[in-house]
Amino acid sequence: MIQQRSKKGAVTAVIACAVLLAAVILLENISLLLPAGSVPNVLKPTSQLFAVLKKGAVYSLAAVSMNLLNGFTGLFSLGQAGFMLLGAYTYAILSVPVADRAAVYYLYGGSAVNFSFQDMFGTIFGTEGVGGAVSLGLGVAVAMVLAGCVAAVFAYFIGLPVLRLKSDYLAIATLGFAEIIKAVFQWQALGPVTNGANMIKNFPTFSSFNITGADGTVILRLSTFFPFLVSMICIAAICLLINSTYGRAFKAIREDETAAEAMGINLAKHKMLSFCTSAFFAGVSGAMFAMFVTNAQAKVYTTTMTYEILLIVVIGGIGSISGSVMATFLYVACSEWWLRFLDNVTVINGVQLPFLRAGFRMVVFSVVIMIVVLFFRRGIMGDKELPDLFKKRARKEGTGK
Amino acid sequence: MSGSILNVENVTMQFGGVVAVDNLNLEINEGEIVALIGPNGAGKTTAFNVVTGVYQPTNGRVSFLGETIVENHPQGKMKKLYKGEHAGEYSHVLAPTPDRITKLGMARTFQNIRLWKSQSVFDNVLIAMHCRTHTNFLAASLRLNHKEEQEQRDRVAELLQTVGLYDVKDEPATSLPYGKQRRLEIARALATDPKLLLLDEPAAGMNPQETNELTAFIGQIRKDFGMTVFLIEHHMDLVMDISDRIYVLDFGKLIAHGTPEEIQNNNRVIDAYLGVAEDA
Amino acid sequence: MEFAISVLISGISVGGQYALIAIGYTMVYGILRLINFAHGDVFMVAGLLGIYLSASLPLYAALPLVLLLTVALGFCIERAAYKPLRSAPRMSVMISAIGVSYLIQNTATYITGGQPMTYPVIPFLSDTVVIAGTPTKWVTILTPFLVLALVLALQQLINHTKVGMAMRAVAKDFETAQLMGIRINSIISVTFIIGSALAAIGSMLYFTNFQAITPTAGALPGLRAFVAAVVGGIGSIPGAVVGAFIIGICENVIKSTEFTVFSDAGTFALLILILVLRPTGLFGEKVTDKV
């Protein structure tokens, strides 16, 4: 009985994801289907909409991975940006085509790592046509998995000393590690690998996944589809984890460490598992973030970025995956798109609207954030998930009869 | 009734200059219900915490099922401060974390109920079974452990039926009335598949009727699960009713030990509870 | 040798300025168990106020006004953003603090247009003096003494006045203090007022040395001061001061070597080392969870 229900739920979830992915593909290719003149601005590939969707997909994975740690295991960690940085650099270093390395690393006379996965797979599958697509896909996928692994390995060594610390101390220690990682990656001595304080670029980005015809025009856009696909797979994995026996143990640790330990849950082991898993997915999202901004540069991954993701997690509801995802898209859309008009000096009927000039968007945005934080303390979803809402309604209807 | 299951040998627990448990010796045999009683602050819960690995004793040894699980001797600063006896007798240091001890087959409840508050009754018990799962992290996340998971769920349902909580299985743990929360805590401890159950004041804050139900419940557990029970309790009715033997602690020291009848008539115990007139 | 002395002096001086900020962090943490992320930004606002006010007012009027307005800001932040969340989980309050920090930074960007502003020259403080052969500003010499004086005064206040006693009581046990008739809200306000006032004084000293103020100028000193408070054992005022001097000196020593990139990383490495060895900082009290 119980099992049947969960199977039905899983099927529904898979269908919902597939529908969403199909919708994304349709949305970004509409501009190709419609006659050139009649495409509304919003649907043009350069529209803010797609930037928001891509960034939202990247950030939602970052937020969910942070929620796994902060919301589900109750470990207050602020190392997210550091792990994203590790992922971004791992991906970038392993993905810049060998041919481009001299140009990217010109300050250091070329790179110390003369290797890229795409080239490696290219020698097997070829670099043109379908073979090229396969080697691109495999190259990116392997580099992304490695990005996650590197972040997880670092997390393991960071976790050894710091996971014994409690609440705020853990937060500040992880934040410290993130800063240290940032400094190390900017260090001149590591230049041949990390390109010092300069950015690494020329690696495959989201738009590399657009399929182009022989004449260079885009036939099928997949640049928004790709981050959605990756995020969806990763978030699904996190969901599965949370609902597994280990995920339940994490929740037990969150709610009462002493009781959890007394019931045979090895605190050190489970905290480490949660920490490394979270870092793994943060690393993957970092790799995607690098693809999104088309470069990897250490100074971007600041504590402000961590705070931003933490804000998203809290606005979505601590301990709610669907909350985190929804909050991410709302947050990104609000800060990058919907409030854009506030930054422009606007004149209506010869009267210039007061306050509207560069920077006002962010002021309004932070006021909105404050209102949400003060008046919706438990976030959008609390600790409920989307399906819970439907379930409750169904039960109410059931009792009504 | 066969051999001894828990052996506490010369255990002393000293915090700074305060000796909370002083040279405690006790033994629990398989199938028994043994009570540890004593006035407030006598060191009962501390003794529990030493046995379950929450505290590391300053000196002494605890063996479980014939194997030493905890052992320590005064070290560092404690060497000078140590006020207890038998300091030179132990040389090993063995301090497993509580979860290791639970895995060996010892489970406990807490004086102030420590349920996982927002989890359902069902999940509270299910989580306690986690320590007996064999699946690894990846396999569990990828749902390769269907069979084990289903088995666990069935066992939880069965266990909840036995303890009479099946009808509230989907409620959050904190929404239960106090008596049922205590019961759930015991069910949760049972889910870790223990050989020895330690109950820290299971009847604290209960009214007489609830206490009577609890007495019956503990008796039932012993019968159904063949469980050995070691409990701390203040309700003398309950203690005298179900205990096979009783240990009495006062100011950290063991002052008496025997069957309920012996303890009831022991003058030192009466003095410890009622106080002794100065000029007597 | 001269170089070493100058590094040490500037380290002590910066450390003193961090100490003034760190006290605000540590006092608020001691009472509310809240990391007040907005504190560094209050410090930055004090700097901006100094610029704007001194542009239209003479210094002797502007500086006290800076102090007053900063205190008002600190008070308002507490009343608007933290007080409504008193019964909420700690995480919510901390998020509120991050939100306030965000708001302040963005508002400052909006008002200043994001351009760095230059802090006014305060006579005497900015004058040059030669100590052990190295020229330095008076502010560098004065800071440690001023900090010590202020801290001693603060300690007197906390240990020997009724308000101080109430503050200690609230820090020890929030609920009980409330039951004993202490007006929690006014005590918390006092804490924020003291913290903000010290941050304002800190801003005058700090920005006399580092004159460019951007909207994010408070973030780094704030973070370092917070680290100092944690190193010292968060909640302890002497701890915060000692921690701040340690952080200040460390930072300047690292900056004087070729590893300048690591000046902040070094600070954090020190922090982590101390936390691992002494999980509650140098002067922090050990909390035990009763089973």
# chains A, B, ... in the order shown; residues from 1 in each chain; ligands from 1
call {"tool": "interface_residues", "arguments": {"of": "chain A", "to": "chain C", "cutoff": "7 Å", "atoms": "only C-alpha atoms", "output": "PyMOL selection string"}}
result
chain A and resi 161-162+165+173+176+179-180+183+187+311+358-360+362-363+366-367+369-370+373+377
call {"tool": "residues_around", "arguments": {"residues": "Val11 (chain B)", "least_positions_apart": "3", "cutoff": "10 Å", "atoms": "only C-alpha atoms", "output": "tab-separated table (two decimals) with C-alpha atoms, in the first residue's frame"}}
result
chain	number	residue	atom	x	y	z
B	8	VAL	CA	29.90	-1.70	36.12
B	14	GLN	CA	34.48	13.35	38.79
B	21	VAL	CA	29.54	9.01	41.02
B	22	ASP	CA	31.87	7.44	43.53
B	23	ASN	CA	33.17	3.94	43.01
B	24	LEU	CA	29.99	2.44	41.62
B	25	ASN	CA	29.74	-1.31	41.24
B	26	LEU	CA	26.71	-2.99	39.84
B	47	ALA	CA	25.76	6.78	36.02
B	50	VAL	CA	28.66	6.82	31.78
B	51	VAL	CA	27.18	3.47	30.83
B	57	PRO	CA	34.21	8.03	33.43
B	58	THR	CA	37.23	9.29	35.33
B	59	ASN	CA	38.13	5.83	36.48
B	60	GLY	CA	36.72	2.34	36.19
B	61	ARG	CA	35.38	-0.11	33.67
B	62	VAL	CA	32.02	-1.00	32.14
B	70	VAL	CA	34.26	1.62	28.49
B	71	GLU	CA	37.41	1.97	30.52
B	72	ASN	CA	39.42	4.86	31.83
B	73	HIS	CA	41.89	5.94	34.48
B	84	GLY	CA	38.23	8.25	44.20
B	85	GLU	CA	39.61	4.79	44.76
B	86	HIS	CA	41.12	2.04	42.60
call {"tool": "closest_atom_pairs", "arguments": {"of": "chain A", "to": "chain B", "cutoff": "8 Å", "atoms": "only C-alpha atoms", "output": "CSV"}}
result
residue,atom,partner,partner_atom,distance
A:Ala237,CA,B:Ser141,CA,7.3
A:Leu240,CA,B:Ser141,CA,5.4
A:Leu241,CA,B:Ser141,CA,4.4
A:Ile242,CA,B:Ser141,CA,7.9
A:Asn243,CA,B:Ser141,CA,7.9
A:Ser244,CA,B:Ser141,CA,5.7
A:Thr245,CA,B:His130,CA,6.2
A:Tyr246,CA,B:Phe137,CA,6.8
A:Arg248,CA,B:Ile127,CA,6.0
A:Ala249,CA,B:Ile127,CA,6.0
A:Ala252,CA,B:Trp116,CA,6.0
A:Glu255,CA,B:Trp116,CA,5.4
A:Asp256,CA,B:Trp116,CA,6.1
A:Ala259,CA,B:Arg114,CA,6.0
A:Ala260,CA,B:Ala128,CA,8.0
A:Glu261,CA,B:Asp99,CA,5.0
A:Ala262,CA,B:Pro98,CA,5.4
A:Met263,CA,B:Ala128,CA,5.5
A:Gly264,CA,B:Asp99,CA,3.7
A:Ile265,CA,B:Asp99,CA,5.5
A:Asn266,CA,B:Asp99,CA,5.6
call {"tool": "write_last_selection", "arguments": {"atoms": "N, CA and C atoms", "output": "short mmCIF file (atom, residue, chain, number, x, y, z; two decimals), in the first residue's frame"}}
result
data_model
loop_
_atom_site.label_atom_id
_atom_site.label_comp_id
_atom_site.auth_asym_id
_atom_site.auth_seq_id
_atom_site.Cartn_x
_atom_site.Cartn_y
_atom_site.Cartn_z
N ALA A 237 18.42 13.75 -7.39
CA ALA A 237 19.30 12.90 -6.57
C ALA A 237 19.24 13.34 -5.11
N LEU A 240 16.02 12.13 -3.57
CA LEU A 240 16.08 10.71 -3.26
C LEU A 240 16.88 10.49 -1.98
N LEU A 241 17.99 11.20 -1.88
CA LEU A 241 18.83 11.07 -0.69
C LEU A 241 18.05 11.47 0.57
N ILE A 242 17.37 12.59 0.48
CA ILE A 242 16.68 13.09 1.67
C ILE A 242 15.60 12.13 2.16
N ASN A 243 14.97 11.45 1.20
CA ASN A 243 13.91 10.53 1.60
C ASN A 243 14.43 9.11 1.85
N SER A 244 15.74 8.95 1.78
CA SER A 244 16.29 7.62 2.07
C SER A 244 16.54 7.51 3.56
N THR A 245 17.00 6.35 3.98
CA THR A 245 17.24 6.15 5.40
C THR A 245 18.33 7.10 5.91
N TYR A 246 19.31 7.43 5.04
CA TYR A 246 20.34 8.38 5.46
C TYR A 246 19.77 9.78 5.62
N ARG A 248 16.78 10.50 6.47
CA ARG A 248 16.02 10.54 7.72
C ARG A 248 16.97 10.71 8.91
N ALA A 249 18.12 10.04 8.81
CA ALA A 249 19.09 10.19 9.89
C ALA A 249 19.57 11.63 9.97
N ALA A 252 17.13 13.58 11.83
CA ALA A 252 17.20 13.29 13.26
C ALA A 252 18.33 14.10 13.89
N GLU A 255 17.22 17.61 14.43
CA GLU A 255 16.25 17.88 15.47
C GLU A 255 16.76 17.62 16.87
N ASP A 256 17.59 16.65 17.05
CA ASP A 256 18.16 16.42 18.36
C ASP A 256 19.40 15.55 18.23
N ALA A 259 19.84 12.82 20.98
CA ALA A 259 18.96 11.67 20.80
C ALA A 259 19.42 10.85 19.60
N ALA A 260 19.83 11.54 18.54
CA ALA A 260 20.26 10.82 17.35
C ALA A 260 21.45 9.93 17.68
N GLU A 261 22.39 10.48 18.43
CA GLU A 261 23.57 9.70 18.76
C GLU A 261 23.19 8.52 19.65
N ALA A 262 22.26 8.77 20.58
CA ALA A 262 21.85 7.69 21.48
C ALA A 262 21.10 6.59 20.73
N MET A 263 20.54 6.94 19.58
CA MET A 263 19.83 5.92 18.81
C MET A 263 20.75 5.30 17.75
N GLY A 264 22.03 5.44 17.94
CA GLY A 264 22.97 4.70 17.10
C GLY A 264 23.37 5.39 15.82
N ILE A 265 23.07 6.68 15.68
CA ILE A 265 23.49 7.38 14.47
C ILE A 265 24.86 7.99 14.71
N ASN A 266 25.83 7.58 13.92
CA ASN A 266 27.19 8.07 14.09
C ASN A 266 27.27 9.52 13.60
#
call {"tool": "closest_residue", "arguments": {"among": "A:Phe281, A:Phe226, A:Phe117, A:Phe275", "to": "Gly159 (chain A)", "atoms": "only C-alpha atoms"}}
result
A:Phe275
call {"tool": "residues_around", "arguments": {"residues": "Ala272 (chain B)", "least_positions_apart": "5", "cutoff": "12 Å", "atoms": "only C-alpha atoms", "output": "VMD selection string"}}
result
chain B and resid 37 to 42 248 to 256 263 266 to 267 277
call {"tool": "write_last_selection", "arguments": {"atoms": "C-alpha atoms", "output": "short mmCIF file (atom, residue, chain, number, x, y, z; two decimals), in the first residue's frame"}}
result
data_model
loop_
_atom_site.label_atom_id
_atom_site.label_comp_id
_atom_site.auth_asym_id
_atom_site.auth_seq_id
_atom_site.Cartn_x
_atom_site.Cartn_y
_atom_site.Cartn_z
CA ILE B 37 17.03 4.83 42.91
CA GLY B 38 18.23 7.62 45.13
CA PRO B 39 17.43 11.19 46.15
CA ASN B 40 17.74 14.02 43.66
CA GLY B 41 21.33 14.75 42.70
CA ALA B 42 22.55 11.35 43.82
CA VAL B 248 20.35 2.77 45.92
CA LEU B 249 22.67 5.72 45.31
CA ASP B 250 23.22 8.63 47.65
CA PHE B 251 25.80 11.37 47.08
CA GLY B 252 27.29 9.26 44.31
CA LYS B 253 27.88 6.27 46.55
CA LEU B 254 26.08 2.98 46.49
CA ILE B 255 24.45 2.67 49.91
CA ALA B 256 22.28 -0.39 49.50
CA ILE B 263 15.41 -2.11 50.39
CA ASN B 266 16.92 -0.87 54.96
CA ASN B 267 17.61 1.84 57.53
CA ALA B 277 18.20 14.31 62.67
#
call {"tool": "residues_around", "arguments": {"residues": "Ala199 (chain C)", "least_positions_apart": "3", "cutoff": "12 Å", "atoms": "only C-alpha atoms", "output": "PyMOL selection string"}}
result
chain C and resi 16-25+38-47+66-71+73-74+147+150+192-196+202-207+218+221-222+225
call {"tool": "write_last_selection", "arguments": {"atoms": "N, CA and C atoms", "output": "compact mmCIF listing (two decimals), in the first residue's frame"}}
result
# COMPACT_ATOMS: atom_id res chain seq x y z
N GLY C 16 43.15 48.15 17.13
CA GLY C 16 42.32 48.95 18.02
C GLY C 16 41.03 49.36 17.34
N GLN C 17 41.15 49.72 16.06
CA GLN C 17 39.94 50.11 15.33
C GLN C 17 39.00 48.90 15.17
N TYR C 18 39.59 47.75 14.88
CA TYR C 18 38.75 46.55 14.80
C TYR C 18 38.09 46.26 16.15
N ALA C 19 38.85 46.53 17.22
CA ALA C 19 38.32 46.24 18.55
C ALA C 19 37.02 47.01 18.78
N LEU C 20 37.01 48.27 18.34
CA LEU C 20 35.82 49.07 18.55
C LEU C 20 34.62 48.49 17.80
N ILE C 21 34.88 47.93 16.63
CA ILE C 21 33.77 47.30 15.91
C ILE C 21 33.43 45.97 16.56
N ALA C 22 34.47 45.22 16.94
CA ALA C 22 34.27 43.87 17.47
C ALA C 22 33.42 43.89 18.74
N ILE C 23 33.57 44.95 19.54
CA ILE C 23 32.78 45.02 20.77
C ILE C 23 31.29 45.01 20.45
N GLY C 24 30.93 45.74 19.37
CA GLY C 24 29.52 45.75 18.96
C GLY C 24 29.03 44.35 18.61
N TYR C 25 29.86 43.60 17.87
CA TYR C 25 29.48 42.23 17.53
C TYR C 25 29.31 41.38 18.78
N ALA C 38 24.87 43.26 10.01
CA ALA C 38 24.71 44.63 9.55
C ALA C 38 25.67 45.58 10.25
N HIS C 39 26.38 45.09 11.27
CA HIS C 39 27.20 45.99 12.07
C HIS C 39 28.31 46.65 11.24
N GLY C 40 28.95 45.86 10.38
CA GLY C 40 30.00 46.41 9.52
C GLY C 40 29.45 47.52 8.63
N ASP C 41 28.20 47.38 8.23
CA ASP C 41 27.61 48.39 7.37
C ASP C 41 27.22 49.64 8.15
N VAL C 42 26.85 49.46 9.41
CA VAL C 42 26.61 50.62 10.26
C VAL C 42 27.90 51.43 10.35
N PHE C 43 28.99 50.71 10.48
CA PHE C 43 30.31 51.33 10.53
C PHE C 43 30.58 52.13 9.25
N MET C 44 30.23 51.53 8.10
CA MET C 44 30.43 52.22 6.82
C MET C 44 29.55 53.46 6.75
N VAL C 45 28.29 53.33 7.20
CA VAL C 45 27.38 54.47 7.16
C VAL C 45 27.93 55.61 8.02
N ALA C 46 28.51 55.26 9.17
CA ALA C 46 29.11 56.29 10.01
C ALA C 46 30.17 57.05 9.22
N GLY C 47 30.96 56.31 8.42
CA GLY C 47 31.96 56.96 7.58
C GLY C 47 31.33 57.90 6.58
N VAL C 66 27.58 62.82 13.82
CA VAL C 66 27.83 61.50 13.25
C VAL C 66 27.54 60.44 14.31
N LEU C 67 28.10 60.69 15.48
CA LEU C 67 27.93 59.75 16.59
C LEU C 67 26.44 59.53 16.87
N LEU C 68 25.74 60.65 16.96
CA LEU C 68 24.32 60.60 17.30
C LEU C 68 23.50 59.86 16.24
N LEU C 69 23.77 60.20 14.99
CA LEU C 69 22.99 59.59 13.91
C LEU C 69 23.30 58.10 13.79
N THR C 70 24.56 57.73 14.01
CA THR C 70 24.91 56.31 13.93
C THR C 70 24.19 55.55 15.02
N VAL C 71 24.18 56.13 16.21
CA VAL C 71 23.47 55.50 17.32
C VAL C 71 22.00 55.34 16.97
N LEU C 73 20.75 55.09 14.05
CA LEU C 73 20.63 54.04 13.04
C LEU C 73 20.64 52.65 13.69
N GLY C 74 21.62 52.46 14.58
CA GLY C 74 21.72 51.17 15.26
C GLY C 74 20.44 50.85 16.02
N VAL C 147 41.23 53.30 22.63
CA VAL C 147 40.49 52.04 22.73
C VAL C 147 40.53 51.53 24.17
N LEU C 150 38.27 53.57 26.36
CA LEU C 150 36.86 53.28 26.11
C LEU C 150 36.46 51.92 26.68
N PHE C 192 22.71 47.92 21.60
CA PHE C 192 22.91 48.37 20.22
C PHE C 192 23.45 49.80 20.19
N ILE C 193 22.97 50.62 21.13
CA ILE C 193 23.44 52.00 21.16
C ILE C 193 24.94 52.05 21.45
N ILE C 194 25.36 51.29 22.45
CA ILE C 194 26.79 51.28 22.77
C ILE C 194 27.60 50.77 21.59
N GLY C 195 27.13 49.66 21.01
CA GLY C 195 27.85 49.08 19.87
C GLY C 195 27.97 50.07 18.73
N SER C 196 26.87 50.75 18.41
CA SER C 196 26.90 51.68 17.28
C SER C 196 27.80 52.87 17.59
N GLY C 202 35.06 54.20 15.93
CA GLY C 202 35.96 53.39 15.13
C GLY C 202 36.05 53.91 13.70
N SER C 203 34.90 54.31 13.15
CA SER C 203 34.91 54.75 11.76
C SER C 203 35.76 56.01 11.60
N MET C 204 35.69 56.92 12.61
CA MET C 204 36.49 58.15 12.50
C MET C 204 37.97 57.81 12.47
N LEU C 205 38.36 56.85 13.34
CA LEU C 205 39.78 56.49 13.39
C LEU C 205 40.19 55.74 12.12
N TYR C 206 39.35 54.77 11.74
CA TYR C 206 39.71 53.88 10.64
C TYR C 206 39.79 54.65 9.32
N PHE C 207 38.77 55.48 9.06
CA PHE C 207 38.74 56.15 7.76
C PHE C 207 39.70 57.32 7.68
N GLY C 218 32.44 48.69 4.55
CA GLY C 218 32.27 48.17 5.90
C GLY C 218 32.37 46.66 5.98
N PRO C 221 36.28 45.23 7.02
CA PRO C 221 36.61 45.49 8.43
C PRO C 221 35.61 44.82 9.36
N GLY C 222 34.33 44.81 8.93
CA GLY C 222 33.31 44.16 9.75
C GLY C 222 33.60 42.68 9.92
N ALA C 225 36.58 42.21 12.14
CA ALA C 225 36.23 42.47 13.54
C ALA C 225 35.42 41.30 14.09
call {"tool": "residues_around", "arguments": {"residues": "Val58 (chain A)", "least_positions_apart": "3", "cutoff": "6 Å", "atoms": "only C-alpha atoms", "output": "PyMOL selection string"}}
result
chain A and resi 55+61+285
call {"tool": "write_last_selection", "arguments": {"atoms": "N, CA and C atoms", "output": "short mmCIF file (atom, residue, chain, number, x, y, z; two decimals), in the first residue's frame"}}
result
data_model
loop_
_atom_site.label_atom_id
_atom_site.label_comp_id
_atom_site.auth_asym_id
_atom_site.auth_seq_id
_atom_site.Cartn_x
_atom_site.Cartn_y
_atom_site.Cartn_z
N LYS A 55 20.35 31.37 -14.97
CA LYS A 55 20.91 31.64 -13.64
C LYS A 55 20.07 30.97 -12.56
N LEU A 61 20.25 24.82 -7.90
CA LEU A 61 21.04 23.68 -7.45
C LEU A 61 21.92 24.10 -6.25
N SER A 285 27.23 22.96 -9.24
CA SER A 285 26.56 24.22 -9.55
C SER A 285 27.60 25.31 -9.83
#
call {"tool": "atom_distance", "arguments": {"atom1": "CA of Ser208 (chain A)", "atom2": "CA of Phe225 (chain A)"}}
result
11.8 Å
call {"tool": "select_by_dssp", "arguments": {"residues": "region 81-199 of chain B", "states": "strand (DSSP E or B)", "output": "tab-separated table (two decimals) with N, CA and C atoms, in the first residue's frame"}}
result
chain	number	residue	atom	x	y	z
B	94	LEU	N	39.22	3.44	26.92
B	94	LEU	CA	38.27	3.01	25.91
B	94	LEU	C	37.07	3.93	26.06
B	106	MET	N	22.50	-1.60	23.34
B	106	MET	CA	22.03	-0.94	24.56
B	106	MET	C	21.26	0.29	24.09
B	107	ALA	N	20.05	0.47	24.53
B	107	ALA	CA	19.31	1.65	24.09
B	107	ALA	C	18.71	2.34	25.29
B	108	ARG	N	18.51	3.64	25.17
B	108	ARG	CA	18.07	4.38	26.34
B	108	ARG	C	16.94	5.35	26.01
B	120	SER	N	7.14	12.43	12.28
B	120	SER	CA	5.94	11.71	12.68
B	120	SER	C	6.32	10.58	13.64
B	172	PRO	N	2.59	14.22	14.22
B	172	PRO	CA	3.93	14.62	14.65
B	172	PRO	C	4.15	14.24	16.11
B	196	LEU	N	19.62	-4.63	26.12
B	196	LEU	CA	19.42	-4.00	27.41
B	196	LEU	C	18.76	-2.65	27.18
B	197	LEU	N	17.69	-2.39	27.93
B	197	LEU	CA	16.97	-1.14	27.77
B	197	LEU	C	17.18	-0.30	29.00
B	198	LEU	N	17.65	0.94	28.82
B	198	LEU	CA	17.85	1.82	29.96
B	198	LEU	C	16.79	2.90	29.94
B	199	LEU	N	16.03	3.00	31.02
B	199	LEU	CA	14.95	3.98	31.08
B	199	LEU	C	15.28	5.01	32.16
call {"tool": "select_by_dssp", "arguments": {"residues": "region 35-207 of chain B", "states": "helix (DSSP H, G or I)", "output": "JSON, numbers by chain"}}
result
{"B": [44, 45, 46, 47, 48, 49, 50, 51, 78, 79, 80, 81, 87, 88, 89, 98, 99, 100, 101, 102, 103, 104, 105, 121, 122, 123, 124, 125, 126, 127, 128, 129, 130, 131, 132, 137, 138, 139, 140, 141, 146, 147, 148, 149, 150, 151, 152, 153, 154, 155, 156, 157, 158, 159, 160, 161, 162, 163, 166, 167, 168, 173, 174, 175, 178, 179, 180, 181, 182, 183, 184, 185, 186, 187, 188, 189, 190, 191]}
call {"tool": "residues_around", "arguments": {"residues": "Met167 (chain C)", "least_positions_apart": "3", "cutoff": "10 Å", "atoms": "only C-alpha atoms", "output": "ChimeraX atom specification"}}
result
/C:27,30-31,157-159,161-164,170-172,174,177,182,184,186-188,190-191
call {"tool": "residues_around", "arguments": {"residues": "Leu33 (chain A)", "least_positions_apart": "6", "cutoff": "12 Å", "atoms": "only C-alpha atoms", "output": "PyMOL selection string"}}
result
chain A and resi 25-27+39+43-44+218-221
call {"tool": "atom_distance", "arguments": {"atom1": "CA of Val241 (chain C)", "atom2": "CA of Tyr169 (chain A)"}}
result
18.4 Å
call {"tool": "atom_distance", "arguments": {"atom1": "CA of Thr26 (chain C)", "atom2": "CA of Gly235 (chain C)"}}
result
4.7 Å
call {"tool": "closest_residue", "arguments": {"among": "C:Cys76, C:Leu179, C:Ala228, C:Ala55", "to": "Gly248 (chain C)", "atoms": "only C-alpha atoms"}}
result
C:Ala228
call {"tool": "decode", "arguments": {"residues": "region 239-254 of chain A", "atoms": "N, CA and C atoms", "output": "compact mmCIF listing (two decimals), in the first residue's frame"}}
result
# COMPACT_ATOMS: atom_id res chain seq x y z
N CYS A 239 16.77 14.84 -3.63
CA CYS A 239 15.45 14.42 -3.10
C CYS A 239 15.47 12.96 -2.69
N LEU A 240 16.02 12.13 -3.57
CA LEU A 240 16.08 10.71 -3.26
C LEU A 240 16.88 10.49 -1.98
N LEU A 241 17.99 11.20 -1.88
CA LEU A 241 18.83 11.07 -0.69
C LEU A 241 18.05 11.47 0.57
N ILE A 242 17.37 12.59 0.48
CA ILE A 242 16.68 13.09 1.67
C ILE A 242 15.60 12.13 2.16
N ASN A 243 14.97 11.45 1.20
CA ASN A 243 13.91 10.53 1.60
C ASN A 243 14.43 9.11 1.85
N SER A 244 15.74 8.95 1.78
CA SER A 244 16.29 7.62 2.07
C SER A 244 16.54 7.51 3.56
N THR A 245 17.00 6.35 3.98
CA THR A 245 17.24 6.15 5.40
C THR A 245 18.33 7.10 5.91
N TYR A 246 19.31 7.43 5.04
CA TYR A 246 20.34 8.38 5.46
C TYR A 246 19.77 9.78 5.62
N GLY A 247 18.87 10.15 4.70
CA GLY A 247 18.25 11.46 4.80
C GLY A 247 17.45 11.59 6.09
N ARG A 248 16.78 10.50 6.47
CA ARG A 248 16.02 10.54 7.72
C ARG A 248 16.97 10.71 8.91
N ALA A 249 18.12 10.04 8.81
CA ALA A 249 19.09 10.19 9.89
C ALA A 249 19.57 11.63 9.97
N PHE A 250 19.76 12.29 8.80
CA PHE A 250 20.16 13.70 8.81
C PHE A 250 19.13 14.54 9.57
N LYS A 251 17.86 14.27 9.28
CA LYS A 251 16.81 15.07 9.94
C LYS A 251 16.83 14.82 11.44
N ALA A 252 17.13 13.58 11.83
CA ALA A 252 17.20 13.29 13.26
C ALA A 252 18.33 14.10 13.89
N ILE A 253 19.45 14.21 13.19
CA ILE A 253 20.57 15.00 13.73
C ILE A 253 20.15 16.46 13.86
N ARG A 254 19.42 16.95 12.85
CA ARG A 254 18.97 18.34 12.91
C ARG A 254 18.09 18.56 14.14
